[in-house]
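Report on one structure; see the data block that follows.
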Amino acid sequence: MGPDNMPVRAIYGMLAGPRQIVGRADQTVMLMTLRHRPWLSHIVSDLESLVNEGNAWDDSLASSSNEYADIWRATFAAARPCPPGFSRCPAHRDIQHVLDDQVAADFYGNALADFFANIGAREHVLPRAVHDAFAASLSDARLEGK
């Protein structure tokens, strides 16, 4: 976000690794943000687990038992020695709650992030062969369940 509260840049595309899920997406956005703006002092997210883990900023996040250990290791390297603070801005709020809680800028930023994520997701089409194989697997599972 620039000083006029307009997007300055948006990075979107496939996530690293085979799992394309919301948690990995938010973790990856955090990492990319810190790589592009290492001096950033605060990150706002609508993902509560990311905010909780970010505020803990504990080396155990980079241990092999953590689902996102690879991303946390890279994040620690990008942000040390000064980790950012984290706060949560719930994504689904009506405008009166946004104004009452004085989080309009956070809410606006989160809405823009969701907008660009949707644009990025639309650019990635599943190959037809993968789609057909998945559909066949679902059909087989339904037959076995009867």
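Each chain in the structure tokens gets a letter, A, B and so on, in the order shown; residues start at 1 in every chain, and ligands are counted from 1 in the order they appear.
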
Contact table region 22-65 of chain A vs region 84-91 of chain A, cut-off 6 Å, shortest pair per residue, only C-alpha atoms, as a Markdown table:
| residue | atom | partner | partner_atom | distance |
| --- | --- | --- | --- | --- |
| A:Ser41 | CA | A:Pro84 | CA | 4.5 |
| A:His42 | CA | A:Gly85 | CA | 4.6 |
| A:Ile43 | CA | A:Phe86 | CA | 4.9 |
| A:Val44 | CA | A:Ser87 | CA | 5.0 |
| A:Ser45 | CA | A:Arg88 | CA | 5.1 |
| A:Asp46 | CA | A:Pro90 | CA | 4.9 |
| A:Val51 | CA | A:Phe86 | CA | 5.4 |
| A:Asn55 | CA | A:Phe86 | CA | 5.8 |

Write to file, as a PDB file, in the first residue's frame, the residues of the selection just made, with N, CA and C atoms.
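Final output, saved to again.pdb:
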ATOM      1  N   SER A  41       7.396  -3.081   9.908  1.00  0.00           N
ATOM      2  CA  SER A  41       7.325  -3.285  11.356  1.00  0.00           C
ATOM      3  C   SER A  41       6.038  -3.978  11.801  1.00  0.00           C
ATOM      4  N   HIS A  42       5.042  -4.063  10.912  1.00  0.00           N
ATOM      5  CA  HIS A  42       3.772  -4.643  11.341  1.00  0.00           C
ATOM      6  C   HIS A  42       3.072  -5.322  10.170  1.00  0.00           C
ATOM      7  N   ILE A  43       2.504  -6.490  10.443  1.00  0.00           N
ATOM      8  CA  ILE A  43       1.752  -7.250   9.442  1.00  0.00           C
ATOM      9  C   ILE A  43       0.348  -7.483   9.968  1.00  0.00           C
ATOM     10  N   VAL A  44      -0.636  -7.243   9.111  1.00  0.00           N
ATOM     11  CA  VAL A  44      -2.040  -7.478   9.446  1.00  0.00           C
ATOM     12  C   VAL A  44      -2.533  -8.629   8.581  1.00  0.00           C
ATOM     13  N   SER A  45      -3.217  -9.578   9.209  1.00  0.00           N
ATOM     14  CA  SER A  45      -3.748 -10.729   8.475  1.00  0.00           C
ATOM     15  C   SER A  45      -5.127 -11.078   9.013  1.00  0.00           C
ATOM     16  N   ASP A  46      -5.939 -11.706   8.159  1.00  0.00           N
ATOM     17  CA  ASP A  46      -7.232 -12.194   8.639  1.00  0.00           C
ATOM     18  C   ASP A  46      -7.134 -13.642   9.118  1.00  0.00           C
ATOM     19  N   VAL A  51      -1.362 -14.909  12.750  1.00  0.00           N
ATOM     20  CA  VAL A  51      -1.146 -13.821  13.710  1.00  0.00           C
ATOM     21  C   VAL A  51      -0.612 -14.384  15.029  1.00  0.00           C
ATOM     22  N   ASN A  55       3.152 -13.589  16.355  1.00  0.00           N
ATOM     23  CA  ASN A  55       3.401 -12.915  17.639  1.00  0.00           C
ATOM     24  C   ASN A  55       4.240 -13.768  18.579  1.00  0.00           C
TER      25      ASN A  55
END

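Coordinates place CA of Asp4 (chain A) at a distance of 16.3 Å from CA of Ala113 (chain A).
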
- [ ] Name all residues at most 12 Å from Arg73 (chain A) (count only C-alpha atoms; drop same-chain ones fewer than 2 positions away) and give them as JSON, numbers by chain.
- [x] {"A": [27, 28, 31, 57, 58, 59, 60, 61, 62, 63, 64, 66, 67, 68, 69, 70, 71, 75, 76, 77, 78, 79, 80]}
